[in-house]
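Engineer: What follows is final37.pdb, PDB, C-alpha atoms and all ligand atoms.
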MODEL        1
ATOM      1  CA  MET E   1     -51.295  26.555 -23.767
ATOM      2  CA  LYS E   2     -50.004  25.136 -27.047
ATOM      3  CA  LEU E   3     -49.354  27.455 -29.986
ATOM      4  CA  PHE E   4     -50.022  26.585 -33.615
ATOM      5  CA  ILE E   5     -49.198  28.753 -36.624
ATOM      6  CA  ASP E   6     -52.218  29.868 -38.669
ATOM      7  CA  THR E   7     -50.896  30.067 -42.219
ATOM      8  CA  ALA E   8     -50.391  28.133 -45.452
ATOM      9  CA  ASN E   9     -47.223  30.057 -46.323
ATOM     10  CA  LEU E  10     -44.372  27.555 -46.579
ATOM     11  CA  LYS E  11     -41.627  30.096 -45.817
ATOM     12  CA  GLU E  12     -43.368  31.102 -42.602
ATOM     13  CA  ILE E  13     -43.967  27.475 -41.642
ATOM     14  CA  GLU E  14     -40.346  26.539 -42.368
ATOM     15  CA  GLU E  15     -39.117  29.322 -40.070
ATOM     16  CA  ALA E  16     -41.656  28.489 -37.358
ATOM     17  CA  SER E  17     -40.709  24.793 -37.517
ATOM     18  CA  HIS E  18     -37.474  25.758 -35.694
ATOM     19  CA  TRP E  19     -39.296  27.623 -32.913
ATOM     20  CA  PRO E  20     -39.710  25.435 -29.825
ATOM     21  CA  PHE E  21     -43.041  27.028 -28.931
ATOM     22  CA  VAL E  22     -44.869  26.173 -32.190
ATOM     23  CA  SER E  23     -46.312  22.669 -32.294
ATOM     24  CA  GLY E  24     -48.890  22.604 -35.088
ATOM     25  CA  VAL E  25     -50.363  24.304 -38.159
ATOM     26  CA  THR E  26     -53.865  25.329 -39.167
ATOM     27  CA  THR E  27     -54.897  26.228 -42.697
ATOM     28  CA  ASN E  28     -58.157  27.229 -44.327
ATOM     29  CA  PRO E  29     -59.289  27.704 -47.957
ATOM     30  CA  SER E  30     -58.570  31.465 -47.858
ATOM     31  CA  LEU E  31     -55.016  30.960 -46.567
ATOM     32  CA  ILE E  32     -54.400  28.243 -49.205
ATOM     33  CA  ALA E  33     -55.748  30.505 -51.987
ATOM     34  CA  LYS E  34     -53.014  33.090 -51.290
ATOM     35  CA  GLU E  35     -50.201  30.633 -52.039
ATOM     36  CA  GLY E  36     -50.704  29.675 -55.703
ATOM     37  CA  LEU E  37     -50.382  25.925 -55.139
ATOM     38  CA  SER E  38     -53.043  23.236 -54.768
ATOM     39  CA  GLN E  39     -54.245  22.305 -51.282
ATOM     40  CA  LYS E  40     -52.727  18.824 -51.692
ATOM     41  CA  GLU E  41     -49.322  20.246 -52.638
ATOM     42  CA  ILE E  42     -49.335  22.672 -49.721
ATOM     43  CA  ILE E  43     -50.420  20.092 -47.148
ATOM     44  CA  GLU E  44     -47.796  17.639 -48.444
ATOM     45  CA  HIS E  45     -45.078  20.296 -48.006
ATOM     46  CA  ILE E  46     -46.300  21.251 -44.530
ATOM     47  CA  ALA E  47     -46.326  17.576 -43.519
ATOM     48  CA  LYS E  48     -42.608  17.426 -44.314
ATOM     49  CA  LEU E  49     -41.863  20.503 -42.195
ATOM     50  CA  ILE E  50     -43.999  20.016 -39.081
ATOM     51  CA  ASP E  51     -44.348  16.943 -36.910
ATOM     52  CA  GLY E  52     -47.525  18.032 -35.147
ATOM     53  CA  PRO E  53     -51.231  18.418 -35.887
ATOM     54  CA  ILE E  54     -51.908  19.973 -39.326
ATOM     55  CA  SER E  55     -55.481  21.096 -39.960
ATOM     56  CA  ALA E  56     -56.631  20.740 -43.583
ATOM     57  CA  GLU E  57     -60.142  21.918 -44.408
ATOM     58  CA  VAL E  58     -62.773  20.210 -46.543
ATOM     59  CA  THR E  59     -64.815  22.386 -48.886
ATOM     60  CA  ALA E  60     -67.731  20.115 -49.861
ATOM     61  CA  GLU E  61     -71.036  20.886 -48.177
ATOM     62  CA  ASP E  62     -72.614  17.430 -48.110
ATOM     63  CA  CYS E  63     -71.587  14.505 -45.897
ATOM     64  CA  GLU E  64     -70.508  12.256 -48.736
ATOM     65  CA  GLY E  65     -68.385  14.923 -50.406
ATOM     66  CA  MET E  66     -66.778  15.939 -47.090
ATOM     67  CA  LEU E  67     -65.987  12.330 -46.244
ATOM     68  CA  THR E  68     -64.323  11.740 -49.630
ATOM     69  CA  GLN E  69     -62.160  14.875 -49.225
ATOM     70  CA  ALA E  70     -61.418  13.995 -45.596
ATOM     71  CA  HIS E  71     -60.095  10.549 -46.530
ATOM     72  CA  GLU E  72     -57.922  12.010 -49.332
ATOM     73  CA  LEU E  73     -56.434  14.664 -47.037
ATOM     74  CA  TYR E  74     -55.942  12.248 -44.148
ATOM     75  CA  ALA E  75     -54.039   9.846 -46.440
ATOM     76  CA  ILE E  76     -51.346  12.527 -46.975
ATOM     77  CA  LYS E  77     -49.972  11.836 -43.477
ATOM     78  CA  PRO E  78     -52.272   9.935 -41.110
ATOM     79  CA  SER E  79     -50.031  10.598 -38.107
ATOM     80  CA  ASN E  80     -50.513  14.375 -38.386
ATOM     81  CA  ILE E  81     -53.505  15.402 -40.490
ATOM     82  CA  VAL E  82     -56.558  16.818 -38.730
ATOM     83  CA  ILE E  83     -59.692  17.274 -40.835
ATOM     84  CA  LYS E  84     -61.179  20.738 -40.533
ATOM     85  CA  LEU E  85     -64.965  20.714 -40.843
ATOM     86  CA  PRO E  86     -67.593  23.448 -41.000
ATOM     87  CA  MET E  87     -69.966  24.199 -38.130
ATOM     88  CA  THR E  88     -73.024  22.835 -39.920
ATOM     89  CA  VAL E  89     -75.247  19.835 -39.229
ATOM     90  CA  GLU E  90     -73.521  18.032 -42.114
ATOM     91  CA  GLY E  91     -70.119  18.996 -40.738
ATOM     92  CA  LEU E  92     -71.019  17.637 -37.307
ATOM     93  CA  LYS E  93     -72.318  14.381 -38.818
ATOM     94  CA  VAL E  94     -68.920  14.006 -40.487
ATOM     95  CA  ALA E  95     -67.118  14.836 -37.209
ATOM     96  CA  ASN E  96     -68.991  11.988 -35.527
ATOM     97  CA  ALA E  97     -68.339   9.589 -38.435
ATOM     98  CA  LEU E  98     -64.608  10.385 -38.464
ATOM     99  CA  TYR E  99     -64.481   9.966 -34.665
ATOM    100  CA  LYS E 100     -65.647   6.384 -35.197
ATOM    101  CA  GLU E 101     -62.775   5.929 -37.685
ATOM    102  CA  ASN E 102     -60.251   7.445 -35.263
ATOM    103  CA  ILE E 103     -59.591  10.355 -37.623
ATOM    104  CA  PRO E 104     -59.088  13.643 -35.733
ATOM    105  CA  THR E 105     -61.267  16.646 -36.600
ATOM    106  CA  ASN E 106     -61.289  20.398 -36.045
ATOM    107  CA  VAL E 107     -64.740  22.001 -36.214
ATOM    108  CA  THR E 108     -64.240  25.554 -37.394
ATOM    109  CA  LEU E 109     -66.161  28.839 -37.579
ATOM    110  CA  CYS E 110     -67.509  28.556 -34.025
ATOM    111  CA  PHE E 111     -69.095  31.785 -32.786
ATOM    112  CA  SER E 112     -71.364  30.709 -29.893
ATOM    113  CA  SER E 113     -71.485  28.448 -26.852
ATOM    114  CA  SER E 114     -74.420  26.519 -28.291
ATOM    115  CA  GLN E 115     -72.398  25.716 -31.416
ATOM    116  CA  ALA E 116     -69.506  24.659 -29.183
ATOM    117  CA  LEU E 117     -71.785  22.357 -27.176
ATOM    118  CA  LEU E 118     -73.029  20.633 -30.335
ATOM    119  CA  ALA E 119     -69.498  20.166 -31.692
ATOM    120  CA  MET E 120     -68.287  18.688 -28.403
ATOM    121  CA  GLU E 121     -71.312  16.360 -28.262
ATOM    122  CA  SER E 122     -70.468  15.293 -31.834
ATOM    123  CA  HIS E 123     -66.993  14.223 -30.665
ATOM    124  CA  ALA E 124     -64.962  16.901 -32.419
ATOM    125  CA  THR E 125     -61.296  16.452 -31.490
ATOM    126  CA  TYR E 126     -60.654  20.209 -31.761
ATOM    127  CA  LEU E 127     -63.001  23.190 -31.848
ATOM    128  CA  SER E 128     -62.062  26.587 -33.278
ATOM    129  CA  PRO E 129     -63.843  29.628 -31.861
ATOM    130  CA  PHE E 130     -62.997  32.735 -33.942
ATOM    131  CA  LEU E 131     -61.943  35.565 -31.634
ATOM    132  CA  GLY E 132     -61.023  38.320 -34.086
ATOM    133  CA  ARG E 133     -64.104  38.017 -36.257
ATOM    134  CA  LEU E 134     -66.342  38.198 -33.137
ATOM    135  CA  ASP E 135     -64.589  41.294 -31.777
ATOM    136  CA  ASP E 136     -64.537  42.909 -35.243
ATOM    137  CA  ASN E 137     -68.335  42.692 -35.203
ATOM    138  CA  GLY E 138     -68.929  43.974 -31.689
ATOM    139  CA  TRP E 139     -69.226  40.694 -29.765
ATOM    140  CA  ASP E 140     -67.036  39.701 -26.824
ATOM    141  CA  SER E 141     -64.622  36.907 -27.756
ATOM    142  CA  ALA E 142     -63.249  36.585 -24.209
ATOM    143  CA  LYS E 143     -66.751  35.765 -22.943
ATOM    144  CA  LEU E 144     -67.070  33.022 -25.570
ATOM    145  CA  ILE E 145     -63.770  31.408 -24.555
ATOM    146  CA  GLU E 146     -64.779  31.605 -20.900
ATOM    147  CA  GLU E 147     -68.120  29.900 -21.637
ATOM    148  CA  ILE E 148     -66.587  27.139 -23.766
ATOM    149  CA  VAL E 149     -63.984  26.422 -21.066
ATOM    150  CA  THR E 150     -66.852  26.188 -18.541
ATOM    151  CA  LEU E 151     -68.743  23.772 -20.797
ATOM    152  CA  LYS E 152     -65.646  21.590 -21.077
ATOM    153  CA  ARG E 153     -65.187  21.571 -17.310
ATOM    154  CA  ASN E 154     -68.895  20.969 -16.527
ATOM    155  CA  PHE E 155     -69.179  17.899 -18.698
ATOM    156  CA  GLY E 156     -65.603  16.669 -19.085
ATOM    157  CA  TYR E 157     -65.539  16.940 -22.876
ATOM    158  CA  PRO E 158     -62.133  15.906 -24.255
ATOM    159  CA  THR E 159     -62.449  18.330 -27.228
ATOM    160  CA  LYS E 160     -59.500  20.720 -27.344
ATOM    161  CA  ILE E 161     -60.241  24.416 -27.791
ATOM    162  CA  ILE E 162     -58.202  26.221 -30.469
ATOM    163  CA  ALA E 163     -58.547  30.001 -30.122
ATOM    164  CA  ALA E 164     -58.502  31.110 -33.779
ATOM    165  CA  SER E 165     -58.854  34.303 -35.807
ATOM    166  CA  ILE E 166     -56.206  35.830 -33.567
ATOM    167  CA  ARG E 167     -55.433  39.478 -34.333
ATOM    168  CA  SER E 168     -53.211  40.565 -31.433
ATOM    169  CA  VAL E 169     -50.819  39.607 -28.667
ATOM    170  CA  ARG E 170     -53.614  40.339 -26.192
ATOM    171  CA  HIS E 171     -55.886  37.772 -27.866
ATOM    172  CA  VAL E 172     -53.233  35.122 -27.189
ATOM    173  CA  GLU E 173     -52.755  36.218 -23.579
ATOM    174  CA  VAL E 174     -56.509  36.277 -22.896
ATOM    175  CA  ALA E 175     -57.024  32.862 -24.524
ATOM    176  CA  ALA E 176     -54.276  31.391 -22.320
ATOM    177  CA  LEU E 177     -55.490  33.071 -19.125
ATOM    178  CA  LEU E 178     -59.040  31.835 -19.686
ATOM    179  CA  GLY E 179     -57.925  28.241 -20.252
ATOM    180  CA  SER E 180     -57.969  27.684 -24.013
ATOM    181  CA  ASP E 181     -55.941  24.548 -24.838
ATOM    182  CA  ILE E 182     -54.356  26.016 -27.977
ATOM    183  CA  ALA E 183     -54.150  29.311 -29.860
ATOM    184  CA  THR E 184     -53.487  29.288 -33.585
ATOM    185  CA  VAL E 185     -51.620  32.458 -34.364
ATOM    186  CA  PRO E 186     -50.621  34.256 -37.602
ATOM    187  CA  TYR E 187     -46.869  34.586 -38.242
ATOM    188  CA  LYS E 188     -46.814  38.354 -37.613
ATOM    189  CA  VAL E 189     -48.487  38.009 -34.213
ATOM    190  CA  LEU E 190     -46.222  35.081 -33.253
ATOM    191  CA  LYS E 191     -43.212  37.338 -33.875
ATOM    192  CA  LYS E 192     -44.759  40.041 -31.706
ATOM    193  CA  LEU E 193     -45.349  37.619 -28.807
ATOM    194  CA  ILE E 194     -41.645  37.503 -28.002
ATOM    195  CA  SER E 195     -40.768  41.170 -28.286
ATOM    196  CA  HIS E 196     -41.037  43.903 -25.669
ATOM    197  CA  PRO E 197     -39.423  47.372 -25.826
ATOM    198  CA  LEU E 198     -37.988  46.935 -22.313
ATOM    199  CA  THR E 199     -36.330  43.652 -23.367
ATOM    200  CA  ASP E 200     -34.749  45.458 -26.341
ATOM    201  CA  SER E 201     -33.499  48.438 -24.299
ATOM    202  CA  GLY E 202     -32.314  46.104 -21.509
ATOM    203  CA  LEU E 203     -30.315  44.036 -23.989
ATOM    204  CA  ALA E 204     -28.783  47.166 -25.527
ATOM    205  CA  THR E 205     -27.636  48.338 -22.055
ATOM    206  CA  PHE E 206     -26.204  44.892 -21.219
ATOM    207  CA  ALA E 207     -24.275  44.875 -24.494
ATOM    208  CA  VAL E 208     -22.734  48.302 -23.766
ATOM    209  CA  ASP E 209     -21.814  47.282 -20.197
ATOM    210  CA  ALA E 210     -20.412  43.916 -21.275
ATOM    211  CA  GLU E 211     -18.170  45.778 -23.735
ATOM    212  CA  LYS E 212     -16.802  47.929 -20.838
ATOM    213  CA  THR E 213     -15.985  44.772 -18.834
ATOM    214  CA  ALA E 214     -14.407  43.130 -21.877
ATOM    215  CA  LYS E 215     -12.047  46.115 -22.220
ATOM    216  CA  LEU E 216     -10.949  45.717 -18.564
ATOM    217  CA  THR E 217     -10.097  42.036 -19.000
ATOM    218  CA  LYS E 218      -7.940  42.593 -22.116
TER     219      LYS E 218
HETATM  220  O1  LIG T   1     -57.908  29.568 -39.544
HETATM  221  C1  LIG T   1     -59.056  30.207 -39.174
HETATM  222  C2  LIG T   1     -58.911  31.606 -38.625
HETATM  223  O2  LIG T   1     -57.810  31.687 -37.770
HETATM  224  C3  LIG T   1     -59.019  32.703 -39.636
HETATM  225  O3  LIG T   1     -58.711  33.950 -39.123
HETATM  226  O4  LIG T   1     -58.077  36.292 -39.554
HETATM  227  O5  LIG T   1     -59.410  35.065 -41.287
HETATM  228  O6  LIG T   1     -60.456  35.752 -39.133
HETATM  229  P1  LIG T   1     -59.196  35.334 -39.819
ENDMDL
END
Using structure tokens, write down the structure that the file contains.
Ligand code: G3P

Structural biologist:
Amino acid sequence: MKLFIDTANLKEIEEASHWPFVSGVTTNPSLIAKEGLSQKEIIEHIAKLIDGPISAEVTAEDCEGMLTQAHELYAIKPSNIVIKLPMTVEGLKVANALYKENIPTNVTLCFSSSQALLAMESHATYLSPFLGRLDDNGWDSAKLIEEIVTLKRNFGYPTKIIAASIRSVRHVEVAALLGSDIATVPYKVLKKLISHPLTDSGLATFAVDAEKTAKLTK
């Protein structure tokens, strides 16, 4: 499973750009709003740091407005920009229109299998089911991932699943085990993915023992 970083923070993205396990970035209007720069400025910076898919979200609600924003965002770096679209009828119309122009899309705010089916039928390149927000509200995000993976397999949809709204290490593990193509993960959770208390204590013991051997060889 591929891992993207879910942030618009340039410091975090710069650091993650050196990590071999991070291959893309997703942003949304709320993440952009925290950074005090315009969306265009932020996406331009990210495009210089990451040579992988970068999701940039439109905010218009009508087809025409979304298409105008999509073309502006895509022009920032056509080799990398993915247009993030809302899970609405208008959003899906735009996903289908951009598919015909060979512009990749990421349909976001997916909370059900029926929504996933419609997005895949509309030729979304990526689809973002929101795990954390489902679990926060008492639904079962693992079941949703399982069902979307089944839909993909049943009908051979090429749409890639991005497990989003990740809150924990376990969300990432479950998404991978159930067959999600990608998980987009906040910086803090990415850092936690690599650490384990037994790795830390094991390393500390090795360091002490290596020091004993070093003394013998002096
Ligand atoms: O980028 C979309 C998604 O990952 C947002 O997550 O934490 O706001 O539910 P969250």

Engineer: Identify which of the residues E:Phe21, E:Pro104, E:Glu12, E:Asp6 lies closest to ligand LIG 1 (chain T), counting all atoms listed in the file when measuring atom-to-atom distances.

Structural biologist: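 Ranking E:Phe21, E:Pro104, E:Glu12, E:Asp6 by distance to ligand LIG 1 (chain T), first place goes to E:Asp6.
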
Engineer: For the contact check between chain E and ligand LIG 1 (chain T), emit one row per residue of chain E within 10 Å, containing the shortest atom pair and the distance in Å rounded to one decimal, counting all atoms listed in the file, chain then rising number order, as JSON lines.

Structural biologist:
{"residue": "E:Ile5", "atom": "CA", "partner": "T:LIG1", "partner_atom": "O2", "distance": 9.2}
{"residue": "E:Asp6", "atom": "CA", "partner": "T:LIG1", "partner_atom": "O1", "distance": 5.8}
{"residue": "E:Thr7", "atom": "CA", "partner": "T:LIG1", "partner_atom": "O1", "distance": 7.5}
{"residue": "E:Ala8", "atom": "CA", "partner": "T:LIG1", "partner_atom": "O1", "distance": 9.7}
{"residue": "E:Val25", "atom": "CA", "partner": "T:LIG1", "partner_atom": "O1", "distance": 9.3}
{"residue": "E:Thr26", "atom": "CA", "partner": "T:LIG1", "partner_atom": "O1", "distance": 5.9}
{"residue": "E:Thr27", "atom": "CA", "partner": "T:LIG1", "partner_atom": "O1", "distance": 5.5}
{"residue": "E:Asn28", "atom": "CA", "partner": "T:LIG1", "partner_atom": "O1", "distance": 5.3}
{"residue": "E:Pro29", "atom": "CA", "partner": "T:LIG1", "partner_atom": "O1", "distance": 8.7}
{"residue": "E:Ser30", "atom": "CA", "partner": "T:LIG1", "partner_atom": "O5", "distance": 7.5}
{"residue": "E:Leu31", "atom": "CA", "partner": "T:LIG1", "partner_atom": "O1", "distance": 7.7}
{"residue": "E:Ser55", "atom": "CA", "partner": "T:LIG1", "partner_atom": "O1", "distance": 8.8}
{"residue": "E:Ala56", "atom": "CA", "partner": "T:LIG1", "partner_atom": "O1", "distance": 9.8}
{"residue": "E:Glu57", "atom": "CA", "partner": "T:LIG1", "partner_atom": "O1", "distance": 9.3}
{"residue": "E:Lys84", "atom": "CA", "partner": "T:LIG1", "partner_atom": "O1", "distance": 9.5}
{"residue": "E:Thr108", "atom": "CA", "partner": "T:LIG1", "partner_atom": "C1", "distance": 7.2}
{"residue": "E:Leu109", "atom": "CA", "partner": "T:LIG1", "partner_atom": "C1", "distance": 7.4}
{"residue": "E:Ser128", "atom": "CA", "partner": "T:LIG1", "partner_atom": "C1", "distance": 7.5}
{"residue": "E:Pro129", "atom": "CA", "partner": "T:LIG1", "partner_atom": "C2", "distance": 8.6}
{"residue": "E:Phe130", "atom": "CA", "partner": "T:LIG1", "partner_atom": "C2", "distance": 6.3}
{"residue": "E:Leu131", "atom": "CA", "partner": "T:LIG1", "partner_atom": "O6", "distance": 7.6}
{"residue": "E:Gly132", "atom": "CA", "partner": "T:LIG1", "partner_atom": "O6", "distance": 5.7}
{"residue": "E:Arg133", "atom": "CA", "partner": "T:LIG1", "partner_atom": "O6", "distance": 5.2}
{"residue": "E:Leu134", "atom": "CA", "partner": "T:LIG1", "partner_atom": "O6", "distance": 8.8}
{"residue": "E:Asp136", "atom": "CA", "partner": "T:LIG1", "partner_atom": "O6", "distance": 9.1}
{"residue": "E:Ile162", "atom": "CA", "partner": "T:LIG1", "partner_atom": "O2", "distance": 9.1}
{"residue": "E:Ala163", "atom": "CA", "partner": "T:LIG1", "partner_atom": "O2", "distance": 7.9}
{"residue": "E:Ala164", "atom": "CA", "partner": "T:LIG1", "partner_atom": "O2", "distance": 4.1}
{"residue": "E:Ser165", "atom": "CA", "partner": "T:LIG1", "partner_atom": "O3", "distance": 3.3}
{"residue": "E:Ile166", "atom": "CA", "partner": "T:LIG1", "partner_atom": "O2", "distance": 6.1}
{"residue": "E:Arg167", "atom": "CA", "partner": "T:LIG1", "partner_atom": "O4", "distance": 6.7}
{"residue": "E:Ala183", "atom": "CA", "partner": "T:LIG1", "partner_atom": "O2", "distance": 9.0}
{"residue": "E:Thr184", "atom": "CA", "partner": "T:LIG1", "partner_atom": "O2", "distance": 6.5}
{"residue": "E:Val185", "atom": "CA", "partner": "T:LIG1", "partner_atom": "O2", "distance": 7.1}
{"residue": "E:Pro186", "atom": "CA", "partner": "T:LIG1", "partner_atom": "O2", "distance": 7.6}

Engineer: Convert the current residue selection to file output with C-alpha atoms, as a PDB file, in the frame of the given file.

Structural biologist:
ATOM      1  CA  ILE E   5     -49.198  28.753 -36.624  1.00  0.00           C
ATOM      2  CA  ASP E   6     -52.218  29.868 -38.669  1.00  0.00           C
ATOM      3  CA  THR E   7     -50.896  30.067 -42.219  1.00  0.00           C
ATOM      4  CA  ALA E   8     -50.391  28.133 -45.452  1.00  0.00           C
ATOM      5  CA  VAL E  25     -50.363  24.304 -38.159  1.00  0.00           C
ATOM      6  CA  THR E  26     -53.865  25.329 -39.167  1.00  0.00           C
ATOM      7  CA  THR E  27     -54.897  26.228 -42.697  1.00  0.00           C
ATOM      8  CA  ASN E  28     -58.157  27.229 -44.327  1.00  0.00           C
ATOM      9  CA  PRO E  29     -59.289  27.704 -47.957  1.00  0.00           C
ATOM     10  CA  SER E  30     -58.570  31.465 -47.858  1.00  0.00           C
ATOM     11  CA  LEU E  31     -55.016  30.960 -46.567  1.00  0.00           C
ATOM     12  CA  SER E  55     -55.481  21.096 -39.960  1.00  0.00           C
ATOM     13  CA  ALA E  56     -56.631  20.740 -43.583  1.00  0.00           C
ATOM     14  CA  GLU E  57     -60.142  21.918 -44.408  1.00  0.00           C
ATOM     15  CA  LYS E  84     -61.179  20.738 -40.533  1.00  0.00           C
ATOM     16  CA  THR E 108     -64.240  25.554 -37.394  1.00  0.00           C
ATOM     17  CA  LEU E 109     -66.161  28.839 -37.579  1.00  0.00           C
ATOM     18  CA  SER E 128     -62.062  26.587 -33.278  1.00  0.00           C
ATOM     19  CA  PRO E 129     -63.843  29.628 -31.861  1.00  0.00           C
ATOM     20  CA  PHE E 130     -62.997  32.735 -33.942  1.00  0.00           C
ATOM     21  CA  LEU E 131     -61.943  35.565 -31.634  1.00  0.00           C
ATOM     22  CA  GLY E 132     -61.023  38.320 -34.086  1.00  0.00           C
ATOM     23  CA  ARG E 133     -64.104  38.017 -36.257  1.00  0.00           C
ATOM     24  CA  LEU E 134     -66.342  38.198 -33.137  1.00  0.00           C
ATOM     25  CA  ASP E 136     -64.537  42.909 -35.243  1.00  0.00           C
ATOM     26  CA  ILE E 162     -58.202  26.221 -30.469  1.00  0.00           C
ATOM     27  CA  ALA E 163     -58.547  30.001 -30.122  1.00  0.00           C
ATOM     28  CA  ALA E 164     -58.502  31.110 -33.779  1.00  0.00           C
ATOM     29  CA  SER E 165     -58.854  34.303 -35.807  1.00  0.00           C
ATOM     30  CA  ILE E 166     -56.206  35.830 -33.567  1.00  0.00           C
ATOM     31  CA  ARG E 167     -55.433  39.478 -34.333  1.00  0.00           C
ATOM     32  CA  ALA E 183     -54.150  29.311 -29.860  1.00  0.00           C
ATOM     33  CA  THR E 184     -53.487  29.288 -33.585  1.00  0.00           C
ATOM     34  CA  VAL E 185     -51.620  32.458 -34.364  1.00  0.00           C
ATOM     35  CA  PRO E 186     -50.621  34.256 -37.602  1.00  0.00           C
TER      36      PRO E 186
END

Engineer: What do you get, as a short mmCIF file (atom, residue, chain, number, x, y, z; two decimals) with C-alpha atoms, in the coordinates of the input, if you spell out every residue that the PyMOL selection byres (((chain E and resi 121) around 12) and not hetatm) selects here?

Structural biologist:
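So expr06.cif came out as:
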data_model
loop_
_atom_site.label_atom_id
_atom_site.label_comp_id
_atom_site.auth_asym_id
_atom_site.auth_seq_id
_atom_site.Cartn_x
_atom_site.Cartn_y
_atom_site.Cartn_z
CA LEU E 92 -71.02 17.64 -37.31
CA LYS E 93 -72.32 14.38 -38.82
CA ALA E 95 -67.12 14.84 -37.21
CA ASN E 96 -68.99 11.99 -35.53
CA TYR E 99 -64.48 9.97 -34.66
CA VAL E 107 -64.74 22.00 -36.21
CA SER E 114 -74.42 26.52 -28.29
CA GLN E 115 -72.40 25.72 -31.42
CA ALA E 116 -69.51 24.66 -29.18
CA LEU E 117 -71.78 22.36 -27.18
CA LEU E 118 -73.03 20.63 -30.34
CA ALA E 119 -69.50 20.17 -31.69
CA MET E 120 -68.29 18.69 -28.40
CA SER E 122 -70.47 15.29 -31.83
CA HIS E 123 -66.99 14.22 -30.66
CA ALA E 124 -64.96 16.90 -32.42
CA THR E 125 -61.30 16.45 -31.49
CA TYR E 126 -60.65 20.21 -31.76
CA LEU E 127 -63.00 23.19 -31.85
CA LEU E 151 -68.74 23.77 -20.80
CA LYS E 152 -65.65 21.59 -21.08
CA PHE E 155 -69.18 17.90 -18.70
CA GLY E 156 -65.60 16.67 -19.08
CA TYR E 157 -65.54 16.94 -22.88
CA PRO E 158 -62.13 15.91 -24.26
CA THR E 159 -62.45 18.33 -27.23
#

Engineer: So how far away is CA of Ser112 in chain E from CA of Ile43 in chain E, in Å?

Structural biologist: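 Straight-line distance from CA of Ile43 in chain E to CA of Ser112 in chain E works out to 29.1 Å.
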
Engineer: Between E:Leu178, E:Val149, E:Cys63, E:Ile103, which is the closest to Glu90 in chain E once you count all atoms listed in the file?

Structural biologist: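 Closest to Glu90 in chain E, using all atoms listed in the file: E:Cys63.
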
Engineer: Grab the CA of Ile76 in chain E to CA of Pro53 in chain E distance for me, in Å with one decimal place.

Structural biologist: 12.6 Å

Engineer: In terms of the shortest atom-to-atom distance over only C-alpha atoms, which of E:His71, E:Leu216, E:Asn9, E:Met66 is closest to Ala33 in chain E?

Structural biologist: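 Of all the options, E:Asn9 lies closest to Ala33 in chain E.
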
Engineer: Taking only C-alpha atoms into account, which of E:Ile148, E:Val58, E:Lys100, E:Ile50 comes nearest Ile32 in chain E?

Structural biologist: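 Checking each candidate against Ile32 in chain E, we get E:Val58 as the closest.
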
Engineer: So what do you get for CA of Leu190 in chain E versus CA of His18 in chain E, distance-wise?

Structural biologist: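 Rounded to one decimal, the two atoms are 13.0 Å apart.
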
Engineer: Let me make sure I understand: among E:Ala214, E:Leu73, E:Ile182, E:Met87, which one has the smallest atom-to-atom distance to Ser23 in chain E if we use all atoms listed in the file?

Structural biologist: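 Residue with the minimum atom-to-atom distance to Ser23 in chain E: E:Ile182.
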
Engineer: If the PyMOL selection byres (((chain E and resi 174) around 12) and not hetatm) were run on this exact file, what residues would it hold? Put them as number ranges by chain.

Structural biologist: E: 1, 131, 140-146, 163, 166-173, 175-183

Engineer: Given the point (-41.2, 19.7, -38.1) in the coordinates of this file, which residues lie within 10 Å, counting only C-alpha atoms, and how would they look as a list in words?

Structural biologist: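 Collected hits near the coordinates: Ile13, Glu14, Ala16, Ser17, His18, Trp19, Val22, Ser23, Gly24, Ile46, Ala47, Lys48, Leu49, Ile50, Asp51 and Gly52 of chain E.
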
Engineer: From the options E:Ser195, E:Glu61, E:Ser38, E:Ala207, which residue's atoms come nearest to Val89 in chain E, counting all atoms listed in the file?

Structural biologist: E:Glu61
